[in-house]
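Chemist: Data file protein_30.cif (mmCIF, C-alpha atoms) is appended below.
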data_model
loop_
_atom_site.group_PDB
_atom_site.id
_atom_site.type_symbol
_atom_site.label_atom_id
_atom_site.label_comp_id
_atom_site.auth_asym_id
_atom_site.auth_seq_id
_atom_site.Cartn_x
_atom_site.Cartn_y
_atom_site.Cartn_z
ATOM 1 C CA MET A 1 0.000 0.000 0.000
ATOM 2 C CA ARG A 2 1.240 3.517 -0.775
ATOM 3 C CA GLU A 3 2.480 5.854 1.960
ATOM 4 C CA ILE A 4 1.447 9.510 1.984
ATOM 5 C CA GLN A 5 1.859 12.414 4.388
ATOM 6 C CA PHE A 6 -0.757 13.415 6.944
ATOM 7 C CA ARG A 7 -1.325 16.688 5.042
ATOM 8 C CA GLU A 8 -1.797 14.778 1.795
ATOM 9 C CA ALA A 9 -4.374 12.512 3.433
ATOM 10 C CA LEU A 10 -6.347 15.568 4.564
ATOM 11 C CA ARG A 11 -6.075 17.126 1.100
ATOM 12 C CA GLU A 12 -7.323 13.939 -0.541
ATOM 13 C CA ALA A 13 -10.271 13.764 1.845
ATOM 14 C CA MET A 14 -11.336 17.334 1.121
ATOM 15 C CA SER A 15 -10.754 17.064 -2.635
ATOM 16 C CA GLU A 16 -12.646 13.791 -2.964
ATOM 17 C CA GLU A 17 -15.609 15.192 -1.065
ATOM 18 C CA MET A 18 -15.574 18.396 -3.119
ATOM 19 C CA ARG A 19 -15.629 16.363 -6.334
ATOM 20 C CA ARG A 20 -18.473 14.277 -4.917
ATOM 21 C CA ASP A 21 -20.594 17.171 -3.626
ATOM 22 C CA LYS A 22 -20.692 20.629 -5.213
ATOM 23 C CA ASN A 23 -21.948 22.103 -1.910
ATOM 24 C CA VAL A 24 -18.632 21.465 -0.136
ATOM 25 C CA PHE A 25 -16.200 24.378 -0.024
ATOM 26 C CA LEU A 26 -13.061 25.367 1.916
ATOM 27 C CA MET A 27 -12.563 28.714 3.613
ATOM 28 C CA GLY A 28 -9.845 30.150 5.846
ATOM 29 C CA GLU A 29 -6.706 32.226 6.096
ATOM 30 C CA GLU A 30 -4.221 31.556 3.266
ATOM 31 C CA VAL A 31 -5.970 28.374 2.113
ATOM 32 C CA ALA A 32 -6.140 29.514 -1.541
ATOM 33 C CA GLU A 33 -3.371 31.644 -3.068
ATOM 34 C CA TYR A 34 -0.728 30.491 -0.565
ATOM 35 C CA ASN A 35 -1.820 26.815 -0.810
ATOM 36 C CA GLY A 36 -2.459 26.687 2.935
ATOM 37 C CA ALA A 37 -0.283 27.732 5.859
ATOM 38 C CA TYR A 38 0.770 24.070 6.221
ATOM 39 C CA LYS A 39 0.239 23.189 2.530
ATOM 40 C CA VAL A 40 -2.780 21.046 3.353
ATOM 41 C CA SER A 41 -4.804 22.720 0.577
ATOM 42 C CA GLN A 42 -1.966 22.797 -1.954
ATOM 43 C CA GLY A 43 -3.307 22.741 -5.522
ATOM 44 C CA MET A 44 -6.967 22.895 -4.499
ATOM 45 C CA LEU A 45 -7.462 26.447 -5.794
ATOM 46 C CA ASP A 46 -6.208 25.331 -9.218
ATOM 47 C CA GLU A 47 -8.697 22.456 -9.329
ATOM 48 C CA PHE A 48 -11.773 23.982 -7.729
ATOM 49 C CA GLY A 49 -11.328 27.696 -8.365
ATOM 50 C CA PRO A 50 -12.015 30.784 -6.241
ATOM 51 C CA ASP A 51 -15.732 30.025 -5.947
ATOM 52 C CA ARG A 52 -14.993 27.040 -3.696
ATOM 53 C CA ILE A 53 -11.575 27.796 -2.151
ATOM 54 C CA TYR A 54 -11.799 31.102 -0.273
ATOM 55 C CA ASP A 55 -9.065 33.160 1.317
ATOM 56 C CA THR A 56 -10.467 35.117 4.255
ATOM 57 C CA PRO A 57 -9.356 38.177 6.213
ATOM 58 C CA ILE A 58 -7.779 37.559 9.627
ATOM 59 C CA SER A 59 -11.209 37.509 11.266
ATOM 60 C CA GLU A 60 -12.079 34.116 12.739
ATOM 61 C CA LEU A 61 -15.314 35.404 14.246
ATOM 62 C CA GLY A 62 -16.414 36.666 10.829
ATOM 63 C CA PHE A 63 -15.624 33.665 8.652
ATOM 64 C CA ALA A 64 -16.765 31.139 11.275
ATOM 65 C CA GLY A 65 -20.120 32.933 11.371
ATOM 66 C CA LEU A 66 -20.255 32.999 7.588
ATOM 67 C CA GLY A 67 -19.647 29.250 7.598
ATOM 68 C CA VAL A 68 -22.451 28.598 10.092
ATOM 69 C CA GLY A 69 -24.873 30.648 8.002
ATOM 70 C CA ALA A 70 -23.818 28.886 4.805
ATOM 71 C CA ALA A 71 -24.332 25.490 6.458
ATOM 72 C CA MET A 72 -27.804 26.489 7.646
ATOM 73 C CA ASN A 73 -28.650 27.293 4.028
ATOM 74 C CA GLY A 74 -27.615 23.939 2.567
ATOM 75 C CA LEU A 75 -23.895 24.288 1.902
ATOM 76 C CA LYS A 76 -21.152 22.214 3.559
ATOM 77 C CA PRO A 77 -18.299 24.492 4.614
ATOM 78 C CA ILE A 78 -14.881 23.344 5.776
ATOM 79 C CA ILE A 79 -13.510 26.139 7.953
ATOM 80 C CA GLU A 80 -9.761 26.044 8.525
ATOM 81 C CA PHE A 81 -8.260 27.749 11.563
ATOM 82 C CA MET A 82 -4.545 28.382 11.263
ATOM 83 C CA THR A 83 -4.465 27.077 14.831
ATOM 84 C CA PHE A 84 -7.291 26.212 17.192
ATOM 85 C CA ASN A 85 -5.836 28.789 19.559
ATOM 86 C CA PHE A 86 -7.408 31.314 17.167
ATOM 87 C CA SER A 87 -10.770 29.556 17.398
ATOM 88 C CA LEU A 88 -11.256 31.337 20.731
ATOM 89 C CA VAL A 89 -12.010 34.466 18.727
ATOM 90 C CA ALA A 90 -14.820 32.519 17.027
ATOM 91 C CA ILE A 91 -15.979 30.400 19.941
ATOM 92 C CA ASP A 92 -19.349 32.185 20.229
ATOM 93 C CA GLN A 93 -20.183 31.155 16.651
ATOM 94 C CA ILE A 94 -19.076 27.562 17.313
ATOM 95 C CA ILE A 95 -20.712 27.077 20.715
ATOM 96 C CA ASN A 96 -23.768 29.340 20.636
ATOM 97 C CA SER A 97 -24.600 29.069 16.936
ATOM 98 C CA ALA A 98 -23.283 25.904 15.299
ATOM 99 C CA ALA A 99 -23.625 23.537 18.250
ATOM 100 C CA LYS A 100 -27.034 24.732 19.456
ATOM 101 C CA MET A 101 -28.849 25.657 16.259
ATOM 102 C CA TYR A 102 -30.439 22.256 15.577
ATOM 103 C CA SER A 103 -31.836 22.077 19.107
ATOM 104 C CA MET A 104 -32.933 25.717 19.302
ATOM 105 C CA SER A 105 -34.667 25.542 15.917
ATOM 106 C CA GLY A 106 -36.539 22.367 16.822
ATOM 107 C CA GLY A 107 -34.731 20.464 14.100
ATOM 108 C CA ALA A 108 -35.509 23.007 11.379
ATOM 109 C CA TYR A 109 -31.821 23.787 10.753
ATOM 110 C CA SER A 110 -28.907 21.389 10.503
ATOM 111 C CA VAL A 111 -25.387 22.838 10.546
ATOM 112 C CA PRO A 112 -23.135 20.509 8.488
ATOM 113 C CA VAL A 113 -19.891 22.435 9.011
ATOM 114 C CA VAL A 114 -16.379 21.168 9.757
ATOM 115 C CA PHE A 115 -14.011 23.360 11.751
ATOM 116 C CA ARG A 116 -10.486 21.991 11.277
ATOM 117 C CA GLY A 117 -6.872 22.924 12.000
ATOM 118 C CA PRO A 118 -3.972 22.177 14.359
ATOM 119 C CA THR A 119 -4.223 21.971 18.128
ATOM 120 C CA GLY A 120 -1.724 21.754 20.971
ATOM 121 C CA ASN A 121 2.009 22.199 21.181
ATOM 122 C CA ALA A 122 3.941 22.728 17.940
ATOM 123 C CA GLY A 123 7.349 23.643 19.325
ATOM 124 C CA GLN A 124 8.548 27.025 20.472
ATOM 125 C CA LEU A 125 5.412 29.044 19.764
ATOM 126 C CA GLY A 126 4.737 30.331 23.253
ATOM 127 C CA ALA A 127 1.774 29.855 25.563
ATOM 128 C CA THR A 128 -0.852 31.602 23.404
ATOM 129 C CA HIS A 129 -0.239 29.278 20.435
ATOM 130 C CA SER A 130 0.151 25.979 22.287
ATOM 131 C CA SER A 131 -3.116 25.121 24.050
ATOM 132 C CA ASN A 132 -5.239 21.993 23.715
ATOM 133 C CA PHE A 133 -8.964 22.586 23.308
ATOM 134 C CA GLU A 134 -10.366 19.152 22.524
ATOM 135 C CA ASN A 135 -11.766 18.839 26.055
ATOM 136 C CA TRP A 136 -13.296 22.336 25.797
ATOM 137 C CA PHE A 137 -15.246 21.489 22.663
ATOM 138 C CA ALA A 138 -16.055 17.954 23.844
ATOM 139 C CA ASN A 139 -17.919 19.599 26.744
ATOM 140 C CA THR A 140 -20.463 21.025 24.297
ATOM 141 C CA PRO A 141 -23.609 19.082 23.304
ATOM 142 C CA GLY A 142 -24.244 19.387 19.575
ATOM 143 C CA LEU A 143 -20.603 19.073 18.529
ATOM 144 C CA LYS A 144 -18.604 16.039 17.455
ATOM 145 C CA VAL A 145 -14.869 16.211 18.163
ATOM 146 C CA ILE A 146 -12.255 14.214 16.234
ATOM 147 C CA VAL A 147 -8.507 14.029 16.994
ATOM 148 C CA PRO A 148 -6.774 11.633 14.548
ATOM 149 C CA SER A 149 -3.268 10.277 15.104
ATOM 150 C CA ASN A 150 -2.184 9.076 11.649
ATOM 151 C CA PRO A 151 -2.835 9.666 7.925
ATOM 152 C CA TYR A 152 -5.159 6.669 7.459
ATOM 153 C CA ASP A 153 -7.467 7.708 10.283
ATOM 154 C CA ALA A 154 -7.255 11.366 9.286
ATOM 155 C CA LYS A 155 -8.530 10.764 5.769
ATOM 156 C CA GLY A 156 -11.304 8.353 6.691
ATOM 157 C CA LEU A 157 -12.549 10.461 9.577
ATOM 158 C CA LEU A 158 -12.391 13.779 7.702
ATOM 159 C CA LYS A 159 -14.486 12.352 4.878
ATOM 160 C CA ALA A 160 -17.009 11.129 7.446
ATOM 161 C CA ALA A 161 -16.967 14.548 9.143
ATOM 162 C CA ILE A 162 -17.686 16.390 5.888
ATOM 163 C CA ARG A 163 -20.685 14.136 5.217
ATOM 164 C CA ASP A 164 -22.002 14.408 8.763
ATOM 165 C CA PRO A 165 -25.153 16.541 9.203
ATOM 166 C CA ASP A 166 -23.877 18.036 12.474
ATOM 167 C CA PRO A 167 -21.001 20.451 13.241
ATOM 168 C CA VAL A 168 -17.674 18.660 13.663
ATOM 169 C CA ILE A 169 -14.455 19.875 15.291
ATOM 170 C CA PHE A 170 -11.527 18.201 13.524
ATOM 171 C CA MET A 171 -8.234 18.724 15.370
ATOM 172 C CA GLU A 172 -4.827 17.994 13.843
ATOM 173 C CA SER A 173 -1.217 18.730 14.824
ATOM 174 C CA GLU A 174 1.390 20.897 13.151
ATOM 175 C CA LEU A 175 3.982 18.363 14.250
ATOM 176 C CA MET A 176 2.241 15.567 12.339
ATOM 177 C CA TYR A 177 1.596 17.120 8.921
ATOM 178 C CA SER A 178 4.763 15.526 7.482
ATOM 179 C CA ASP A 179 4.167 12.136 9.131
ATOM 180 C CA LYS A 180 3.744 9.343 6.610
ATOM 181 C CA GLY A 181 1.419 6.364 6.805
ATOM 182 C CA GLU A 182 -0.298 3.789 4.642
ATOM 183 C CA VAL A 183 -3.476 5.061 2.995
ATOM 184 C CA PRO A 184 -5.399 3.056 0.368
ATOM 185 C CA GLU A 185 -6.156 4.676 -2.966
ATOM 186 C CA SER A 186 -9.700 3.334 -2.936
ATOM 187 C CA GLU A 187 -12.389 5.300 -1.128
ATOM 188 C CA TYR A 188 -13.127 4.543 2.509
ATOM 189 C CA LEU A 189 -14.771 6.246 5.489
ATOM 190 C CA LEU A 190 -14.258 5.602 9.192
ATOM 191 C CA PRO A 191 -17.164 5.818 11.651
ATOM 192 C CA ILE A 192 -17.134 8.748 14.059
ATOM 193 C CA GLY A 193 -17.161 7.647 17.684
ATOM 194 C CA VAL A 194 -15.287 4.358 17.321
ATOM 195 C CA ALA A 195 -11.884 3.893 18.981
ATOM 196 C CA ASP A 196 -9.162 1.682 17.531
ATOM 197 C CA VAL A 197 -6.940 -0.829 19.318
ATOM 198 C CA LYS A 198 -3.520 -0.080 17.846
ATOM 199 C CA ARG A 199 -1.671 -2.763 19.811
ATOM 200 C CA LYS A 200 -3.062 -5.754 21.680
ATOM 201 C CA GLY A 201 -1.928 -6.719 25.172
ATOM 202 C CA LYS A 202 -3.124 -8.287 28.403
ATOM 203 C CA ASP A 203 -1.340 -6.439 31.216
ATOM 204 C CA VAL A 204 -2.253 -2.731 31.038
ATOM 205 C CA THR A 205 -4.793 -0.653 29.089
ATOM 206 C CA LEU A 206 -2.984 2.373 27.627
ATOM 207 C CA ILE A 207 -5.284 5.023 26.152
ATOM 208 C CA SER A 208 -4.326 8.129 24.186
ATOM 209 C CA LEU A 209 -5.248 10.321 21.209
ATOM 210 C CA GLY A 210 -3.714 12.568 18.557
ATOM 211 C CA LYS A 211 0.040 12.969 18.524
ATOM 212 C CA MET A 212 0.302 11.588 22.060
ATOM 213 C CA MET A 213 -0.321 8.179 20.465
ATOM 214 C CA LYS A 214 3.363 8.283 19.507
ATOM 215 C CA VAL A 215 4.241 8.537 23.198
ATOM 216 C CA ALA A 216 1.845 5.728 24.107
ATOM 217 C CA LEU A 217 3.096 3.368 21.409
ATOM 218 C CA GLU A 218 6.745 4.048 22.205
ATOM 219 C CA ALA A 219 6.075 3.467 25.909
ATOM 220 C CA ALA A 220 4.326 0.191 25.035
ATOM 221 C CA GLU A 221 7.364 -0.837 23.020
ATOM 222 C CA GLU A 222 9.631 -0.084 25.978
ATOM 223 C CA MET A 223 7.436 -2.140 28.307
ATOM 224 C CA ALA A 224 7.410 -5.025 25.834
ATOM 225 C CA LYS A 225 11.174 -5.350 26.316
ATOM 226 C CA GLU A 226 10.393 -6.250 29.926
ATOM 227 C CA GLY A 227 7.643 -8.684 29.028
ATOM 228 C CA ILE A 228 4.741 -6.290 29.777
ATOM 229 C CA GLU A 229 2.026 -6.275 27.099
ATOM 230 C CA CYS A 230 0.011 -3.055 26.737
ATOM 231 C CA ASP A 231 -3.416 -2.904 25.118
ATOM 232 C CA VAL A 232 -3.035 0.454 23.327
ATOM 233 C CA ILE A 233 -6.250 2.272 22.415
ATOM 234 C CA ASP A 234 -6.467 5.291 20.122
ATOM 235 C CA LEU A 235 -9.673 7.157 21.036
ATOM 236 C CA ARG A 236 -9.757 8.934 17.647
ATOM 237 C CA THR A 237 -12.871 10.860 18.750
ATOM 238 C CA VAL A 238 -13.537 12.524 22.102
ATOM 239 C CA ARG A 239 -17.166 13.382 21.482
ATOM 240 C CA PRO A 240 -18.601 10.841 21.315
ATOM 241 C CA ILE A 241 -16.140 8.747 23.343
ATOM 242 C CA ASP A 242 -16.066 5.019 22.664
ATOM 243 C CA TYR A 243 -16.422 4.004 26.294
ATOM 244 C CA ALA A 244 -17.278 0.405 25.389
ATOM 245 C CA THR A 245 -13.915 -0.354 23.755
ATOM 246 C CA CYS A 246 -12.056 1.166 26.711
ATOM 247 C CA VAL A 247 -14.083 -0.766 29.302
ATOM 248 C CA GLU A 248 -13.713 -4.054 27.430
ATOM 249 C CA SER A 249 -9.954 -3.565 27.450
ATOM 250 C CA LEU A 250 -9.986 -2.732 31.166
ATOM 251 C CA LYS A 251 -11.942 -5.913 31.908
ATOM 252 C CA LYS A 252 -9.074 -7.810 30.312
ATOM 253 C CA THR A 253 -6.105 -5.942 31.831
ATOM 254 C CA ASN A 254 -7.587 -4.595 35.128
ATOM 255 C CA ARG A 255 -5.271 -1.570 34.955
ATOM 256 C CA ALA A 256 -5.316 1.667 32.967
ATOM 257 C CA VAL A 257 -3.017 4.571 32.101
ATOM 258 C CA ILE A 258 -4.306 7.519 30.045
ATOM 259 C CA VAL A 259 -1.881 9.776 28.143
ATOM 260 C CA GLU A 260 -3.231 13.178 27.105
ATOM 261 C CA GLU A 261 -1.534 16.426 26.133
ATOM 262 C CA ALA A 262 -4.192 18.667 27.701
ATOM 263 C CA ASN A 263 -3.844 20.093 31.210
ATOM 264 C CA PRO A 264 -5.218 17.783 33.915
ATOM 265 C CA ILE A 265 -8.260 19.725 35.185
ATOM 266 C CA ALA A 266 -11.513 18.703 33.429
ATOM 267 C CA ALA A 267 -9.613 16.730 30.804
ATOM 268 C CA ILE A 268 -10.734 13.809 28.646
ATOM 269 C CA SER A 269 -8.596 11.622 30.905
ATOM 270 C CA SER A 270 -10.625 12.885 33.897
ATOM 271 C CA GLU A 271 -13.841 11.809 32.184
ATOM 272 C CA LEU A 272 -12.486 8.358 31.350
ATOM 273 C CA THR A 273 -11.175 7.892 34.886
ATOM 274 C CA TYR A 274 -14.625 8.719 36.287
ATOM 275 C CA HIS A 275 -16.271 6.351 33.830
ATOM 276 C CA PHE A 276 -13.998 3.490 34.861
ATOM 277 C CA GLN A 277 -14.657 3.927 38.575
ATOM 278 C CA ARG A 278 -18.399 4.333 37.959
ATOM 279 C CA TYR A 279 -18.994 1.520 35.475
ATOM 280 C CA ALA A 280 -15.994 -0.819 35.768
ATOM 281 C CA PHE A 281 -14.894 -0.426 39.386
ATOM 282 C CA ASP A 282 -14.958 -4.149 40.143
ATOM 283 C CA TYR A 283 -12.446 -4.783 37.362
ATOM 284 C CA LEU A 284 -9.839 -2.306 38.650
ATOM 285 C CA ASP A 285 -6.848 -3.827 40.422
ATOM 286 C CA SER A 286 -5.123 -0.453 40.882
ATOM 287 C CA PRO A 287 -6.042 3.234 40.590
ATOM 288 C CA VAL A 288 -6.127 4.720 37.094
ATOM 289 C CA ILE A 289 -3.150 7.008 36.426
ATOM 290 C CA ARG A 290 -3.288 9.988 34.059
ATOM 291 C CA VAL A 291 -0.244 11.387 32.258
ATOM 292 C CA ASN A 292 -1.127 14.969 31.280
ATOM 293 C CA SER A 293 0.794 18.150 30.613
ATOM 294 C CA MET A 294 1.789 19.972 33.779
ATOM 295 C CA ASP A 295 -0.881 22.425 34.971
ATOM 296 C CA ILE A 296 0.889 25.539 33.663
ATOM 297 C CA PRO A 297 0.910 27.555 30.430
ATOM 298 C CA LEU A 298 3.422 26.088 27.980
ATOM 299 C CA SER A 299 6.713 27.967 27.984
ATOM 300 C CA TYR A 300 8.722 29.092 24.971
ATOM 301 C CA SER A 301 11.831 27.423 26.402
ATOM 302 C CA PRO A 302 12.506 23.979 24.846
ATOM 303 C CA THR A 303 13.755 22.721 28.211
ATOM 304 C CA TYR A 304 10.489 23.692 29.902
ATOM 305 C CA ILE A 305 8.471 22.285 26.992
ATOM 306 C CA ASP A 306 10.119 18.901 27.467
ATOM 307 C CA ALA A 307 9.464 19.034 31.201
ATOM 308 C CA THR A 308 5.824 20.081 30.770
ATOM 309 C CA LEU A 309 4.500 17.680 28.139
ATOM 310 C CA PRO A 310 3.734 13.969 28.566
ATOM 311 C CA ASN A 311 6.650 11.811 27.499
ATOM 312 C CA VAL A 312 7.719 8.190 27.298
ATOM 313 C CA LYS A 313 9.571 8.271 30.620
ATOM 314 C CA ARG A 314 6.548 9.557 32.581
ATOM 315 C CA THR A 315 4.297 7.071 30.791
ATOM 316 C CA VAL A 316 6.558 4.107 31.566
ATOM 317 C CA GLU A 317 6.677 5.219 35.208
ATOM 318 C CA ALA A 318 2.865 5.334 35.297
ATOM 319 C CA ILE A 319 2.590 1.853 33.778
ATOM 320 C CA ASN A 320 4.995 0.493 36.366
ATOM 321 C CA LYS A 321 2.973 2.129 39.172
ATOM 322 C CA VAL A 322 -0.339 0.564 38.111
ATOM 323 C CA LEU A 323 1.491 -2.749 37.982
ATOM 324 C CA TYR A 324 2.931 -2.121 41.470
ATOM 325 C CA ARG A 325 6.421 -2.485 40.051
ATOM 326 C CA SER A 326 7.608 0.809 41.559
#
Can you turn what I pasted into structure tokens?
Modeler:
Amino acid sequence: MREIQFREALREAMSEEMRRDKNVFLMGEEVAEYNGAYKVSQGMLDEFGPDRIYDTPISELGFAGLGVGAAMNGLKPIIEFMTFNFSLVAIDQIINSAAKMYSMSGGAYSVPVVFRGPTGNAGQLGATHSSNFENWFANTPGLKVIVPSNPYDAKGLLKAAIRDPDPVIFMESELMYSDKGEVPESEYLLPIGVADVKRKGKDVTLISLGKMMKVALEAAEEMAKEGIECDVIDLRTVRPIDYATCVESLKKTNRAVIVEEANPIAAISSELTYHFQRYAFDYLDSPVIRVNSMDIPLSYSPTYIDATLPNVKRTVEAINKVLYRS
């Protein structure tokens, strides 16, 4: 099977859906003439023209609102944020308009819009460009929230998101756009709300999402050298969460470690930990341990970045603790 970059997988998903449905269009800062800030939309202006690939002013509130209105009138916008840190400027349109419109209109208006772009740390960009918001948006009824970890999942889930009748938050990572992975040339979609077991094991359930899957899989590889087998689950979506897959794994391993880049308060890992103690308490042989970023704004300093973010060392230590090996 061919290997393509994460950005190419996203581009293929958008292009295929635009060829399939004339109501799909892409809008955002530098998505057209500049071929995208991260070259995700490279070549799309040439194929689809300025009527379907729109460069916008630096006004997230404005073009997010335009996208919501277009979706309410039958179009299917893909709204690209240069980073989800900038989505805070548009959060009223996302939360109070897109997410709530179907309910408030009694089902009269669907809002089939996709808000996509990078989230989380991307190196030395400072605190205001390095936040994780997947748990923020997952807190909102009416939204679906997707955080893929590899090119295959990214393409299949983005195509599903574009076809979905509800607003979808699709969160990527600047640090993953050049990652390569196997992606079939034939069309496929992946169901929203279904986790994937990336590695099977019997000793510890290890759950993660997005680029932190690299940390989880590397930690599992390190533990395998010592004969410890981790059942590694990629959530892929955080609203809805595939609780069933996680609980079934926990019933097998009786121990869980959750690796998440977001800060620890009110995180996705907090929700999963609650769910385990509420619905799978009798299967737990040790407390669930979360490996999150430290509860501070992310520094510009690379030394502090390394100390703040989840890493393989902290994850291995957590696995050993749930196994009572340390």
Chemist: Would you mind listing what lies within 7 Å of Ile233 (chain A) as a list in words, with only C-alpha atoms counted and same-chain residues fewer than 2 positions away left out?
Modeler: Ala195, Asp196, Val197, Lys198, Leu206, Ile207, Ser208, Asp231 and Leu235 of chain A
Chemist: List as a count of residues only the protein and nucleic acid residues near region 104-114 of chain A, meaning an atom at most 9 Å away when only C-alpha atoms are counted, but skip any in the same chain fewer than 2 places from it.
Modeler: 32
Chemist: Can you list what the PyMOL selection byres ((chain A and resi 89) around 10) grabs from this structure, as an MDAnalysis selection string?
Modeler: chainID A and resid 59:62 64 84:88 90:94
Chemist: Return the single residue from A:Ala160, A:Ala37, A:Ile192, A:Pro50 that is closest to Asp242 (chain A), with distances computed using all atoms listed in the file.
Modeler: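 Of A:Ala160, A:Ala37, A:Ile192, A:Pro50, the one nearest Asp242 (chain A), counting all atoms listed in the file, is A:Ile192.
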Chemist: Restricting the calculation to only C-alpha atoms, which member of A:Met171, A:Met212, A:Ile268, A:Val204 is positioned closest to Val232 (chain A)?
Modeler: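 Closest candidate: A:Val204.
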Chemist: Residues around (-1.4, 16.8, 32.7), cut-off 7 Å, counting all atoms listed in the file - what are they as a PyMOL selection string?
Modeler: chain A and resi 260-264+291-295
